[in-house]
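Input: a single structure, listed below in structure tokens.
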Amino acid sequence: MSSQFDTALGWSPRLSVSKVLRIALCIVVVFIFAAPFLTIISGAFNKTTDSTQLSLYPDHPTLLPMKIAGEKGVWHYLANSLVIVGGGLLLQLAVSILAAYALSRRKFRGATVVMLLFLLTMMLPEEVIAVPLSQVIANLPLLGISLKGSVFGVILPVALWGFTILIMTEFMKEIPIEIEEAARLDGVGEFRMLWVIVLPLSKPVLGVATIFGFMMIWDQYLLPLIAADNPTDYTLTVALSVLRADGQVGPGVLLAGALIALVPSLVVYLLMQRSLIRGITSGATKG
């Protein structure tokens, strides 16, 4: 009867040395991962925050750090970040879907070279391309316009990311060709094939691409810095580093800003975690 209570970790209702060790290990792991979050929450709502001490709960709860963070423009920087990550993510997904569909479902000369060019966006560190990128943003080739000080200066460079194109391409390759052939017999065109057939079957990988794409854009630091014309154009990530250099800002205000920056990432992950798990497990069970 005890077998029906067994779990994937091998736990059973009977107390044993192995069970105690597993519980102790889980407690240690949970504490290691939860301690930074609890520290951020504690410091963001603590009246007196000492940066040299670790506190998992506020000794003197208050909303003063949040109020000061708002006065320093944190909410404005958050709005800038949300606009950039929203527009950049939508454009990145659109580009990745179209590129992955062409690379996975169509055969043409130079497909390997095209994929290699896409992957170059992952191989070059930001520091290497910072100077030429800043020149392109300041004077867009052919058009001769400047994108500095606008959200497009950050959105357009993140529109193409080799990682999302790679995972979408590999996933779409696994879609049976028989489905596509049957649809073509019914007179389905290219864009309808993509919208009605391929995309619904690619929902798991879309969830994976959404989460990683959001994190990639949200964590951008160098790009918003070189694309800004003045401090009001900064994203929240850049603004936190500026606040850190301000001697009049205490650690409590910084932790309040960090908590505000953490919330969107947690919300996106909680909303998309099921798609993330399905995307990872479906890729692991292919073949």
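Lettering and numbering for the structure tokens are positional, with chains as A, B, ... in the shown order, residues counted from 1 in each chain, and ligands counted from 1 in the shown order.
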* To do: Name the residues in contact with range 216-219 of chain A at a cut-off of 6 Å, using only C-alpha atoms, excluding same-chain residues fewer than 2 positions from it; report them as number ranges by chain.
  => A: 85, 213-214
Those residues you just picked out, can you put them in a file as a PDB file, in the first residue's frame with C-alpha atoms?
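Output saved as result_15.pdb:
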ATOM      1  CA  VAL A  85       9.925  45.306 -23.723  1.00  0.00           C
ATOM      2  CA  GLY A 213      12.815  37.033 -25.130  1.00  0.00           C
ATOM      3  CA  PHE A 214      11.228  39.044 -22.323  1.00  0.00           C
TER       4      PHE A 214
END
* When distances are computed from only C-alpha atoms, which of A:Val95, A:Tyr77, A:Leu223, A:Ala261 shows the smallest separation from Glu127 in chain A? ->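 Residue with the minimum atom-to-atom distance to Glu127 in chain A: A:Leu223.
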Could you list, as an mmCIF file with N, CA and C atoms, in the first residue's frame, every residue within 10 Å of Gly70 in chain A, counting only C-alpha atoms and ignoring same-chain residues fewer than 6 positions away?
data_model
loop_
_atom_site.group_PDB
_atom_site.id
_atom_site.type_symbol
_atom_site.label_atom_id
_atom_site.label_comp_id
_atom_site.auth_asym_id
_atom_site.auth_seq_id
_atom_site.Cartn_x
_atom_site.Cartn_y
_atom_site.Cartn_z
ATOM 1 N N LEU A 64 7.995 54.276 3.146
ATOM 2 C CA LEU A 64 8.843 55.413 2.817
ATOM 3 C C LEU A 64 9.834 55.111 1.686
ATOM 4 N N HIS A 76 8.440 56.253 -13.735
ATOM 5 C CA HIS A 76 8.651 56.707 -15.116
ATOM 6 C C HIS A 76 9.600 55.755 -15.850
ATOM 7 N N TYR A 77 10.662 55.349 -15.184
ATOM 8 C CA TYR A 77 11.602 54.414 -15.792
ATOM 9 C C TYR A 77 10.946 53.049 -16.023
ATOM 10 N N VAL A 253 15.869 52.401 -0.661
ATOM 11 C CA VAL A 253 15.297 52.900 -1.911
ATOM 12 C C VAL A 253 15.747 52.038 -3.082
ATOM 13 N N ALA A 256 13.800 48.927 -3.009
ATOM 14 C CA ALA A 256 12.435 49.188 -3.472
ATOM 15 C C ALA A 256 12.401 49.206 -4.993
ATOM 16 N N GLY A 257 13.379 49.860 -5.607
ATOM 17 C CA GLY A 257 13.465 49.855 -7.066
ATOM 18 C C GLY A 257 13.719 48.464 -7.621
#
* Would you return as JSON, numbers by chain the members of range 86-246 of chain A that DSSP assigns to helix (DSSP H, G or I) on this structure's backbone? => {"A": [86, 87, 88, 89, 90, 91, 92, 93, 94, 95, 96, 97, 98, 99, 100, 101, 102, 103, 104, 105, 111, 112, 113, 114, 115, 116, 117, 118, 119, 120, 121, 122, 123, 126, 127, 128, 129, 130, 131, 132, 133, 134, 135, 136, 137, 138, 152, 153, 154, 155, 156, 157, 158, 162, 163, 164, 165, 166, 167, 168, 169, 170, 171, 172, 173, 177, 178, 179, 180, 181, 182, 183, 184, 185, 190, 191, 192, 193, 194, 195, 196, 197, 198, 199, 200, 201, 203, 204, 205, 206, 207, 208, 209, 210, 211, 212, 213, 214, 215, 216, 217, 218, 222, 223, 224, 225, 226, 227, 231, 232, 233, 236, 237, 238, 239, 240, 241, 242, 243, 244]}
* Asked: What lies within 12 Å of range 178-183 of chain A using only C-alpha atoms, ignoring chain neighbours under 2 positions off, as number ranges by chain?
  -> A: 105-106, 172-176, 185-190, 192-194, 196-198, 201
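Taking only C-alpha atoms into account, Arg278 in chain A lies nearest to A:Ser202 out of the set A:Ser202, A:Thr164, A:Thr169, A:Ser96.
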* Asked: Expressed in Å to a single decimal, how great is the separation between CA of Thr232 in chain A and CA of Gln248 in chain A?
  ->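 Going from CA of Thr232 in chain A over to CA of Gln248 in chain A covers 19.1 Å.
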* Point out the residue among A:Leu93, A:Leu82, A:Leu276, A:Ala239 with the least atom-to-atom distance to Pro264 in chain A, counting only C-alpha atoms. =>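 Answer, going by the shortest atom-to-atom distance: A:Leu82.
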* Near Val154 in chain A, within 7 Å and counting only C-alpha atoms, which residues show up once chain neighbours fewer than 5 positions away are dropped, as a ChimeraX atom specification? -> /A:84,223-224,227
* Find the distance between CA of Leu91 in chain A and CA of Val114 in chain A and write it in Å to one decimal. =>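 Here the two named atoms are 19.1 Å from each other.
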